[in-house]
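Listing of data25.csv; format and content: CSV, C-alpha atoms.
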chain,number,residue,atom,x,y,z
A,130,MET,CA,124.8,109.6,140.8
A,131,PRO,CA,121.8,109.3,143.2
A,132,SER,CA,120.7,105.8,143.8
A,133,GLN,CA,117.0,106.8,143.7
A,134,PHE,CA,114.7,109.7,143.0
A,135,HIS,CA,111.7,110.9,145.0
A,136,TYR,CA,109.7,111.8,141.9
A,137,LEU,CA,110.4,110.5,138.5
A,138,THR,CA,108.5,111.1,135.3
A,139,PRO,CA,108.9,108.6,132.4
A,140,GLY,CA,111.4,111.0,130.9
A,141,LEU,CA,114.7,111.1,132.9
A,142,ASP,CA,117.1,113.6,131.5
A,143,LEU,CA,120.3,114.2,133.6
A,144,SER,CA,122.5,115.1,130.6
A,145,ARG,CA,125.4,117.6,130.9
A,146,ASN,CA,126.0,117.5,134.6
A,147,GLU,CA,128.8,116.4,136.8
A,148,PHE,CA,127.5,113.1,138.0
A,149,HIS,CA,130.1,110.4,138.6
A,150,GLY,CA,130.3,106.9,139.9
A,151,LYS,CA,128.1,104.0,138.6
A,152,ILE,CA,124.6,104.0,137.3
A,153,PRO,CA,122.4,102.5,140.0
A,154,THR,CA,122.2,98.8,139.4
A,155,LYS,CA,118.5,98.6,140.2
A,156,ILE,CA,117.5,101.6,138.1
A,157,GLY,CA,115.5,99.4,135.8
A,158,THR,CA,113.8,97.6,138.6
A,159,MET,CA,112.8,100.7,140.5
A,160,TYR,CA,111.6,102.7,137.4
A,161,GLN,CA,110.1,100.2,135.0
A,162,ASP,CA,108.0,102.9,133.3
A,163,LEU,CA,110.9,104.8,131.9
A,164,LEU,CA,110.5,106.0,128.3
A,165,TYR,CA,113.6,108.2,128.0
A,166,LEU,CA,117.0,107.8,129.8
A,167,GLY,CA,119.4,110.7,129.0
A,168,LEU,CA,122.7,110.6,130.9
A,169,ASN,CA,124.9,112.1,128.1
A,170,GLY,CA,127.9,114.3,129.2
A,171,ASN,CA,128.6,113.1,132.7
A,172,HIS,CA,131.4,111.1,134.3
A,173,LEU,CA,129.6,107.9,134.8
A,174,GLU,CA,131.6,104.7,135.1
A,175,GLY,CA,131.2,101.0,135.4
A,176,PRO,CA,129.1,98.6,133.4
A,177,LEU,CA,125.6,99.2,132.1
A,178,PRO,CA,123.0,97.9,134.5
A,179,ARG,CA,121.2,94.9,133.1
A,180,SER,CA,118.2,95.9,135.1
A,181,LEU,CA,117.3,98.3,132.2
A,182,ALA,CA,116.0,95.2,130.4
A,183,ASN,CA,113.0,95.5,132.7
A,184,CYS,CA,112.0,98.8,131.2
A,185,ALA,CA,109.8,97.4,128.4
A,186,ARG,CA,108.5,100.9,127.4
A,187,LEU,CA,112.0,102.4,127.0
A,188,LYS,CA,112.4,104.2,123.7
A,189,VAL,CA,115.5,106.3,124.1
A,190,ILE,CA,118.9,105.4,125.8
A,191,ASP,CA,121.5,108.2,125.5
A,192,LEU,CA,124.7,107.4,127.5
A,193,GLY,CA,127.2,109.2,125.2
A,194,ASN,CA,130.2,111.0,126.5
A,195,ASN,CA,130.7,109.1,129.7
A,196,LEU,CA,133.3,106.7,131.1
A,197,ILE,CA,131.2,103.6,131.0
A,198,LYS,CA,133.3,100.5,130.4
A,199,ASP,CA,131.5,97.5,129.0
A,200,THR,CA,130.9,95.3,126.0
A,201,PHE,CA,128.0,95.8,123.6
A,202,PRO,CA,124.7,95.4,125.5
A,203,GLN,CA,123.1,92.8,123.2
A,204,TRP,CA,120.6,92.1,125.9
A,205,LEU,CA,118.9,95.5,125.2
A,206,ASP,CA,117.4,93.9,122.1
A,207,THR,CA,114.7,92.6,124.4
A,208,LEU,CA,113.3,96.2,124.6
A,209,PRO,CA,110.5,96.1,122.0
A,210,GLN,CA,110.0,99.9,121.6
A,211,LEU,CA,113.7,101.0,121.7
A,212,LYS,CA,114.1,103.6,118.9
A,213,ILE,CA,117.3,105.5,119.9
A,214,LEU,CA,120.5,103.9,121.2
A,215,ILE,CA,123.5,106.3,121.7
A,216,LEU,CA,126.7,105.0,123.2
A,217,LYS,CA,129.2,107.4,121.6
A,218,SER,CA,132.4,108.5,123.2
A,219,THR,CA,132.4,106.1,126.0
A,220,ARG,CA,134.6,103.1,126.7
A,221,PHE,CA,132.7,100.2,125.1
A,222,HIS,CA,134.9,97.6,123.6
A,223,GLY,CA,135.0,94.2,122.0
A,224,SER,CA,133.2,92.6,119.1
A,225,ILE,CA,129.4,92.8,118.5
A,226,THR,CA,128.0,89.3,118.6
A,227,PRO,CA,125.2,88.4,116.2
A,228,PRO,CA,121.7,88.7,117.5
A,229,LEU,CA,119.8,85.6,118.6
A,230,THR,CA,116.6,86.5,116.6
A,231,ASN,CA,115.8,88.1,113.2
A,232,ASN,CA,113.9,91.0,114.8
A,233,SER,CA,116.7,92.2,117.1
A,234,PHE,CA,116.4,96.0,117.6
A,235,SER,CA,113.7,96.0,115.0
A,236,ASN,CA,112.4,99.5,115.9
A,237,LEU,CA,115.8,101.1,116.2
A,238,GLN,CA,116.1,104.3,114.1
A,239,ILE,CA,119.2,106.0,115.6
A,240,PHE,CA,122.2,103.7,116.3
A,241,ASP,CA,125.3,105.6,117.4
A,242,LEU,CA,128.4,103.7,118.6
A,243,SER,CA,131.0,106.2,117.4
A,244,TYR,CA,134.3,106.9,119.2
A,245,ASN,CA,134.6,103.6,121.1
A,246,ASN,CA,136.9,100.6,120.8
A,247,PHE,CA,134.6,98.1,119.1
A,248,THR,CA,136.5,95.5,117.1
A,249,GLY,CA,135.7,92.7,114.7
A,250,LEU,CA,133.4,92.7,111.7
A,251,LEU,CA,130.7,95.2,111.1
A,252,PRO,CA,127.4,93.9,112.6
A,253,GLU,CA,125.9,92.4,109.5
A,254,LYS,CA,123.0,90.6,111.2
A,255,HIS,CA,122.0,93.7,113.1
A,256,PHE,CA,121.8,95.7,109.9
A,257,ALA,CA,119.5,93.0,108.5
A,258,SER,CA,117.2,93.2,111.5
A,259,LEU,CA,116.6,97.0,111.6
A,260,GLY,CA,113.0,96.8,110.3
A,261,ALA,CA,112.2,100.4,111.0
A,262,ILE,CA,114.9,101.6,108.7
A,263,LYS,CA,114.4,98.9,106.0
A,264,ASN,CA,110.9,100.2,105.3
A,265,HIS,CA,110.4,103.5,103.5
A,266,SER,CA,109.5,106.2,106.0
A,267,GLN,CA,105.9,107.4,105.7
A,268,VAL,CA,104.9,109.8,108.5
A,269,SER,CA,101.2,110.5,108.7
A,270,PRO,CA,100.4,114.2,109.2
A,271,ASN,CA,98.1,113.1,112.1
A,272,GLU,CA,101.0,111.5,113.9
A,273,GLY,CA,103.3,114.5,114.0
A,274,LEU,CA,106.8,114.9,112.7
A,275,TYR,CA,108.8,114.4,115.9
A,276,MET,CA,109.4,111.6,118.3
A,277,GLU,CA,107.5,112.4,121.4
A,278,ASP,CA,105.2,110.7,123.9
A,279,TYR,CA,102.2,111.7,126.0
A,280,ASP,CA,101.5,109.7,129.1
A,281,PRO,CA,98.3,110.6,131.0
A,282,VAL,CA,99.5,108.8,134.1
A,283,TYR,CA,102.2,111.4,134.7
A,284,SER,CA,100.7,114.4,132.9
A,285,THR,CA,98.8,117.3,134.4
A,286,ASP,CA,97.8,119.0,131.2
A,287,SER,CA,96.3,116.6,128.6
A,288,ALA,CA,96.8,119.2,125.8
A,289,HIS,CA,100.5,120.1,126.3
A,290,ASP,CA,102.3,117.8,128.7
A,291,TYR,CA,104.4,115.7,126.3
A,292,ILE,CA,107.8,114.0,126.7
A,293,GLN,CA,110.1,115.4,124.0
A,294,TYR,CA,113.2,113.5,123.1
A,295,SER,CA,116.5,115.3,122.3
A,296,VAL,CA,119.8,113.9,121.1
A,297,THR,CA,123.2,115.1,120.0
A,298,LEU,CA,124.6,113.6,116.7
A,299,SER,CA,127.5,114.3,114.4
A,300,VAL,CA,126.0,115.5,111.1
A,301,LYS,CA,127.9,116.7,108.1
A,302,GLY,CA,131.1,117.1,110.2
A,303,GLU,CA,129.4,119.1,112.9
A,304,VAL,CA,128.1,118.2,116.4
A,305,VAL,CA,124.4,119.1,116.3
A,306,GLU,CA,121.9,119.0,119.1
A,307,PHE,CA,118.4,118.1,118.1
A,308,VAL,CA,116.1,119.4,120.7
A,309,LYS,CA,113.3,117.6,118.8
A,310,VAL,CA,114.0,114.4,116.9
A,311,LEU,CA,112.4,114.0,113.5
A,312,LYS,CA,110.8,110.6,113.0
A,313,ILE,CA,112.7,110.3,109.7
A,314,LEU,CA,116.2,111.0,111.2
A,315,ASN,CA,117.4,107.4,110.6
A,316,THR,CA,121.1,107.3,111.5
A,317,ILE,CA,123.8,104.7,111.8
A,318,ASP,CA,127.2,106.1,113.1
A,319,LEU,CA,129.9,103.5,113.8
A,320,SER,CA,132.8,105.8,113.1
A,321,SER,CA,136.1,106.0,115.0
A,322,ASN,CA,136.3,102.4,116.1
A,323,ASN,CA,138.3,99.4,115.0
A,324,PHE,CA,135.8,97.6,112.8
A,325,LYS,CA,137.4,95.5,110.0
A,326,GLY,CA,136.4,93.4,107.1
A,327,SER,CA,134.2,94.5,104.2
A,328,ILE,CA,130.9,96.5,104.1
A,329,PRO,CA,128.2,93.9,104.4
A,330,GLU,CA,125.5,93.7,101.7
A,331,SER,CA,122.8,93.8,104.4
A,332,ILE,CA,123.4,97.5,105.0
A,333,SER,CA,121.9,98.1,101.5
A,334,TYR,CA,118.6,96.8,102.8
A,335,LEU,CA,118.1,100.0,104.8
A,336,ALA,CA,116.0,102.0,102.3
A,337,SER,CA,115.1,104.7,104.7
A,338,LEU,CA,118.5,105.4,106.1
A,339,ARG,CA,119.5,109.1,106.0
A,340,LEU,CA,123.0,109.2,107.6
A,341,LEU,CA,125.6,106.5,107.4
A,342,ASN,CA,129.0,107.1,108.9
A,343,LEU,CA,131.6,104.3,108.9
A,344,SER,CA,134.7,106.5,108.8
A,345,HIS,CA,137.9,106.0,110.8
A,346,ASN,CA,137.9,102.2,110.9
A,347,ILE,CA,140.0,99.6,109.2
A,348,ILE,CA,137.3,98.5,106.7
A,349,ASN,CA,138.6,97.0,103.4
A,350,GLY,CA,137.2,95.6,100.2
A,351,SER,CA,135.2,97.6,97.7
A,352,ILE,CA,132.3,100.1,97.9
A,353,LEU,CA,129.1,98.1,97.2
A,354,PRO,CA,127.2,99.2,94.1
A,355,ALA,CA,124.0,98.1,95.9
A,356,LEU,CA,124.3,101.2,98.2
A,357,ASP,CA,122.2,102.9,95.5
A,358,CYS,CA,119.2,101.0,97.1
A,359,MET,CA,119.5,103.4,100.1
A,360,THR,CA,117.4,105.9,98.1
A,361,ASN,CA,116.9,108.3,101.0
A,362,LEU,CA,120.6,108.6,101.9
A,363,GLU,CA,121.7,112.2,102.5
A,364,HIS,CA,125.1,111.7,104.2
A,365,LEU,CA,127.6,109.0,103.4
A,366,ASP,CA,131.0,109.0,105.1
A,367,LEU,CA,133.4,106.1,104.4
A,368,SER,CA,136.6,108.1,104.8
A,369,ASP,CA,139.8,106.9,106.6
A,370,ASN,CA,139.5,103.2,105.8
A,371,HIS,CA,141.3,100.8,103.6
A,372,LEU,CA,138.7,100.6,100.8
A,373,THR,CA,139.9,99.6,97.3
A,374,GLY,CA,138.5,99.5,93.8
A,375,GLY,CA,136.4,102.1,92.0
A,376,ILE,CA,133.5,104.3,92.9
A,377,PRO,CA,130.4,102.6,91.6
A,378,GLN,CA,128.5,104.6,88.9
A,379,SER,CA,125.3,103.5,90.5
A,380,LEU,CA,125.8,105.9,93.4
A,381,THR,CA,124.9,108.8,91.2
A,382,SER,CA,121.3,107.7,91.5
A,383,LEU,CA,121.3,108.8,95.1
A,384,THR,CA,119.6,112.1,94.4
A,385,PHE,CA,119.2,113.2,98.0
A,386,LEU,CA,122.9,112.8,98.8
A,387,GLU,CA,124.3,116.1,100.2
A,388,VAL,CA,127.5,115.0,101.8
A,389,LEU,CA,130.0,112.4,100.5
A,390,ASN,CA,133.3,111.7,102.0
A,391,LEU,CA,135.5,108.9,100.5
A,392,SER,CA,138.8,110.5,101.4
A,393,HIS,CA,141.9,108.7,102.7
A,394,ASN,CA,141.3,105.3,101.2
A,395,HIS,CA,142.9,103.4,98.3
A,396,LEU,CA,140.3,104.0,95.6
A,397,VAL,CA,141.2,104.0,91.9
A,398,GLY,CA,139.6,104.9,88.6
A,399,PRO,CA,137.4,107.7,87.3
A,400,ILE,CA,135.1,109.6,89.5
A,401,PRO,CA,131.4,109.1,88.4
A,402,LEU,CA,129.6,112.1,87.0
A,403,GLY,CA,126.0,113.1,87.2
A,404,ASN,CA,123.3,114.3,89.7
A,405,GLN,CA,124.7,115.0,93.1
A,406,PHE,CA,128.2,114.0,92.2
A,407,SER,CA,128.5,117.2,90.2
A,408,THR,CA,128.3,119.1,93.5
A,409,PHE,CA,131.1,117.4,95.5
A,410,SER,CA,134.5,119.1,95.9
A,411,ASN,CA,138.0,117.7,95.9
A,412,ASP,CA,137.7,117.1,99.7
A,413,SER,CA,135.3,114.3,99.1
A,414,TYR,CA,138.1,112.3,97.3
A,415,ALA,CA,141.3,113.5,98.9
A,416,ALA,CA,144.2,111.1,99.6
A,417,ASN,CA,143.1,108.5,97.0
A,418,SER,CA,146.1,108.5,94.7
A,419,GLY,CA,144.4,106.3,92.1
A,420,LEU,CA,141.3,108.4,91.5
A,421,CYS,CA,141.0,110.7,88.5
A,422,GLY,CA,138.6,113.0,86.7
A,423,ALA,CA,136.5,116.0,87.9
A,424,PRO,CA,136.6,117.6,90.3
A,425,LEU,CA,140.2,116.5,90.7
A,426,THR,CA,142.9,118.1,88.5
A,427,ARG,CA,144.3,114.7,87.7
A,428,SER,CA,143.1,113.6,84.2
A,429,CYS,CA,142.1,110.0,83.6
A,430,GLY,CA,143.8,109.8,80.2
A,431,ASN,CA,142.7,107.9,77.1
A,432,GLY,CA,143.4,104.4,78.4
A,433,THR,CA,141.1,104.5,81.4
A,434,GLU,CA,137.8,102.7,81.2
A,435,PRO,CA,134.6,104.5,82.4
A,436,PRO,CA,132.6,102.9,85.2
A,437,SER,CA,131.0,99.7,84.1
A,438,ASP,CA,127.3,99.3,83.5
A,439,GLU,CA,127.6,96.1,85.6
A,440,ASP,CA,127.7,98.3,88.6
A,441,PHE,CA,124.1,99.3,88.3
A,442,GLU,CA,122.5,97.1,85.6
A,443,GLU,CA,121.6,93.4,85.5
A,444,GLU,CA,122.1,91.2,82.5
A,445,ASP,CA,118.8,90.6,80.6
A,446,GLU,CA,118.9,88.5,77.5
A,447,ASP,CA,115.6,89.9,76.3
A,448,ASP,CA,116.9,93.4,76.0
A,449,GLY,CA,118.9,92.6,72.9
A,450,PHE,CA,119.5,95.7,71.0
A,451,MET,CA,119.3,98.0,74.0
A,452,MET,CA,122.1,96.3,75.8
A,453,GLY,CA,124.4,97.3,73.0
A,454,PHE,CA,124.4,100.8,74.2
A,455,THR,CA,126.7,100.5,77.2
A,456,TRP,CA,129.8,102.4,78.2
A,457,LYS,CA,131.4,101.7,74.8
A,458,ALA,CA,128.8,103.8,73.1
A,459,VAL,CA,129.6,106.5,75.6
A,460,VAL,CA,133.3,106.3,74.8
A,461,MET,CA,132.5,106.7,71.1
A,462,GLY,CA,130.5,109.8,72.0
A,463,TYR,CA,133.4,111.3,73.9
A,464,GLY,CA,135.8,110.4,71.1
A,465,CYS,CA,133.7,112.1,68.4
A,466,GLY,CA,133.2,115.0,70.7
A,467,VAL,CA,131.7,118.3,69.5
A,468,LEU,CA,131.5,117.3,65.8
A,469,SER,CA,129.1,114.5,66.5
A,470,GLY,CA,127.1,116.7,68.8
A,471,PHE,CA,126.9,119.4,66.2
A,472,ILE,CA,125.8,116.9,63.4
A,473,LEU,CA,123.2,115.2,65.7
A,474,GLY,CA,121.8,118.5,66.8
A,475,ASN,CA,121.3,119.6,63.2
A,476,VAL,CA,119.6,116.3,62.3
A,477,MET,CA,117.3,116.8,65.2
A,478,ILE,CA,116.5,120.3,64.2
A,479,SER,CA,116.0,119.4,60.5
A,480,ILE,CA,113.5,116.6,61.2
A,481,LYS,CA,111.8,118.7,63.9
A,482,LYS,CA,110.3,115.8,65.8
A,483,PRO,CA,112.9,113.0,66.3
A,484,ARG,CA,110.3,110.9,68.1
A,485,TRP,CA,112.3,107.7,67.5
A,486,LEU,CA,115.3,109.1,69.4
A,487,GLU,CA,113.1,110.5,72.1
A,488,ARG,CA,111.3,107.2,72.5
A,489,PHE,CA,114.7,105.3,72.5
A,490,VAL,CA,116.1,107.5,75.3
A,491,TYR,CA,113.0,107.1,77.5
A,492,VAL,CA,112.8,103.3,76.9
A,493,GLU,CA,116.5,102.8,77.8
A,494,ALA,CA,116.1,104.9,80.9
A,495,ALA,CA,113.0,103.0,81.9
A,496,ILE,CA,114.9,99.7,81.5
A,497,ILE,CA,117.8,100.8,83.7
A,498,LEU,CA,115.4,102.1,86.3
A,499,ARG,CA,113.3,98.9,86.3
A,500,ARG,CA,116.4,96.8,86.7
A,501,ARG,CA,117.6,98.8,89.6
A,502,LYS,CA,114.2,98.7,91.4
A,503,LYS,CA,114.0,94.9,90.9
A,504,ARG,CA,117.5,94.4,92.3
A,505,CYS,CA,116.8,96.6,95.3
A,506,ARG,CA,113.5,94.9,96.0
A,507,THR,CA,115.3,91.6,95.9
A,508,LEU,CA,118.0,92.7,98.3
A,509,GLN,CA,115.7,94.5,100.7
A,510,GLY,CA,113.4,91.5,100.8
A,511,ARG,CA,116.1,89.3,102.3
A,512,THR,CA,116.2,88.7,106.1
Kindly return the structure encoded in the file as structure tokens.
Amino acid sequence: MPSQFHYLTPGLDLSRNEFHGKIPTKIGTMYQDLLYLGLNGNHLEGPLPRSLANCARLKVIDLGNNLIKDTFPQWLDTLPQLKILILKSTRFHGSITPPLTNNSFSNLQIFDLSYNNFTGLLPEKHFASLGAIKNHSQVSPNEGLYMEDYDPVYSTDSAHDYIQYSVTLSVKGEVVEFVKVLKILNTIDLSSNNFKGSIPESISYLASLRLLNLSHNIINGSILPALDCMTNLEHLDLSDNHLTGGIPQSLTSLTFLEVLNLSHNHLVGPIPLGNQFSTFSNDSYAANSGLCGAPLTRSCGNGTEPPSDEDFEEEDEDDGFMMGFTWKAVVMGYGCGVLSGFILGNVMISIKKPRWLERFVYVEAAIILRRRKKRCRTLQGRT
């Protein structure tokens, strides 16, 4: 790779070439105005130059698909504007040490460390500090939909000369190139490493996360019911781990969820029903010998308990009568089956306006929703 460039705009994109050798050690000293550094798809080696810490305006670092051998560059958290960090398919290794401050990588929106050899626990403290993903995404029409920058110092046409960022991510099992990056494309991909331990609660703080991929690690423990607080989640891949326990009923409240992959774990119990879960195929649950219920052909049988309300409701002594209508009432409904449904339907028709029943259903739904919102606000308010 050349040690210097005669002319350099704030956007340096040398992706998909045949550059080899080391990244110049003084690149961050010579070009401190860098906004975008794209070196994806080369044959670059050696450690990551620490001089990049001098590039205070740097927003995008894409070093994926190279031969860079180094530990996690925690020192990059000094870059106050960094939004995208892609280190996938390189030779990074070792554990990720906790950040020194609570606002480490606070503006990061795309965090891709997939296909490396990272070890140790999942970076719980880093999840908790990702402020840009913790907050609900609200993009003003005046700001535009895409991540881009205009710099009059380097521009020749004030109306059209923008620096546009592009990245390549694994989305829904496919490698997708985004020639423009949406501001709401909040992504965490730590797949195909050697992370261990349980899924930390801090990941549920990330209310605006769209894609979460923790597949192909050695993560154990259970699936957190609190993941339902990630209300914008569209893609959840926890496959090929050592997860145990059941699938929380609370996850059915993720109404934007398009892709779910829980295959190749040690999950047990009935598969939750409702909302997006009605759209997932057998492949989402493959190689979990203890799971049962639709869409699998394996029946749960009469002795299997449904998912507990404790997965998504909190105890409230003031609810009294309402709290009596938990999963046991649902079991009674299933037991009575069509006959009870037929009788109840005729009662509703005969009295024409069963407002007490309508009111009861709405009140119960409102209580459940209120509890969930309260719990999520409590979780996401933590630092």
Would you work out the distance separating atom CA of Leu250 of chain A from atom CA of Leu396 of chain A, expressed in Å to one decimal?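 Taking atom CA of Leu250 of chain A and atom CA of Leu396 of chain A, their separation equals 20.8 Å.
In this structure, atom CA of Gly150 of chain A sits 18.2 Å away from atom CA of Ile190 of chain A.
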Point-to-point distance from atom CA of Asn349 of chain A to atom CA of Gln405 of chain A, Å rounded to tenths: 25.0 Å
Using only C-alpha atoms, which residues sit within 8 Å of Phe256 of chain A once same-chain residues fewer than 6 positions away are excluded, as a PDB file with C-alpha atoms, in the coordinates of the input?
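Just written: around12.pdb:
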ATOM      1  CA  SER A 331     122.800  93.800 104.400  1.00  0.00           C
ATOM      2  CA  ILE A 332     123.400  97.500 105.000  1.00  0.00           C
ATOM      3  CA  TYR A 334     118.600  96.800 102.800  1.00  0.00           C
ATOM      4  CA  LEU A 335     118.100 100.000 104.800  1.00  0.00           C
TER       5      LEU A 335
END
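Using all atoms listed in the file, the protein and nucleic acid residues lying no more than 9 Å from Glu330 of chain A, apart from those fewer than 6 places from it along its own chain, are Glu253, Leu353, Ala355, Leu356 and Leu508 of chain A.
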Which is closer to Ser410 of chain A than all the others in A:Asn390, A:Ile197, A:Ser428, A:Ser321, using all atoms listed in the file? A:Asn390
Surrounding residues of segment 229-233 of chain A excluding itself and chain neighbours under 6 positions, 10 Å, all atoms listed in the file, as number ranges by chain: A: 203-209, 254-260, 512
Report as a tab-separated table: every residue of segment 314-406 of chain A with an atom at most 12 Å from segment 212-219 of chain A, its closest pair of atoms, and their distance in Å to one decimal, counting only C-alpha atoms, with rows sorted by chain and ascending residue number.
residue	atom	partner	partner_atom	distance
A:Leu314	CA	A:Ile213	CA	10.4
A:Asn315	CA	A:Ile213	CA	9.5
A:Thr316	CA	A:Ile213	CA	9.4
A:Ile317	CA	A:Leu214	CA	10.0
A:Asp318	CA	A:Lys217	CA	8.8
A:Leu319	CA	A:Lys217	CA	8.7
A:Ser320	CA	A:Lys217	CA	9.4
A:Ser321	CA	A:Ser218	CA	9.3
A:Asn322	CA	A:Ser218	CA	10.1
Kindly save the residues from that selection, with C-alpha atoms included, as a PDB file, keeping the file's coordinate frame.
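As a result, part06.pdb now contains:
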ATOM      1  CA  LEU A 314     116.200 111.000 111.200  1.00  0.00           C
ATOM      2  CA  ASN A 315     117.400 107.400 110.600  1.00  0.00           C
ATOM      3  CA  THR A 316     121.100 107.300 111.500  1.00  0.00           C
ATOM      4  CA  ILE A 317     123.800 104.700 111.800  1.00  0.00           C
ATOM      5  CA  ASP A 318     127.200 106.100 113.100  1.00  0.00           C
ATOM      6  CA  LEU A 319     129.900 103.500 113.800  1.00  0.00           C
ATOM      7  CA  SER A 320     132.800 105.800 113.100  1.00  0.00           C
ATOM      8  CA  SER A 321     136.100 106.000 115.000  1.00  0.00           C
ATOM      9  CA  ASN A 322     136.300 102.400 116.100  1.00  0.00           C
TER      10      ASN A 322
END
Could you list, as a PyMOL selection string, every residue within 8 Å of Ala415 of chain A, counting all atoms listed in the file and ignoring same-chain residues fewer than 3 positions away? chain A and resi 391-393+411-412
Which is closer to Ser144 of chain A than all the others in A:Ser235, A:Thr408, A:Ser243, A:Thr297, using only C-alpha atoms? A:Thr297
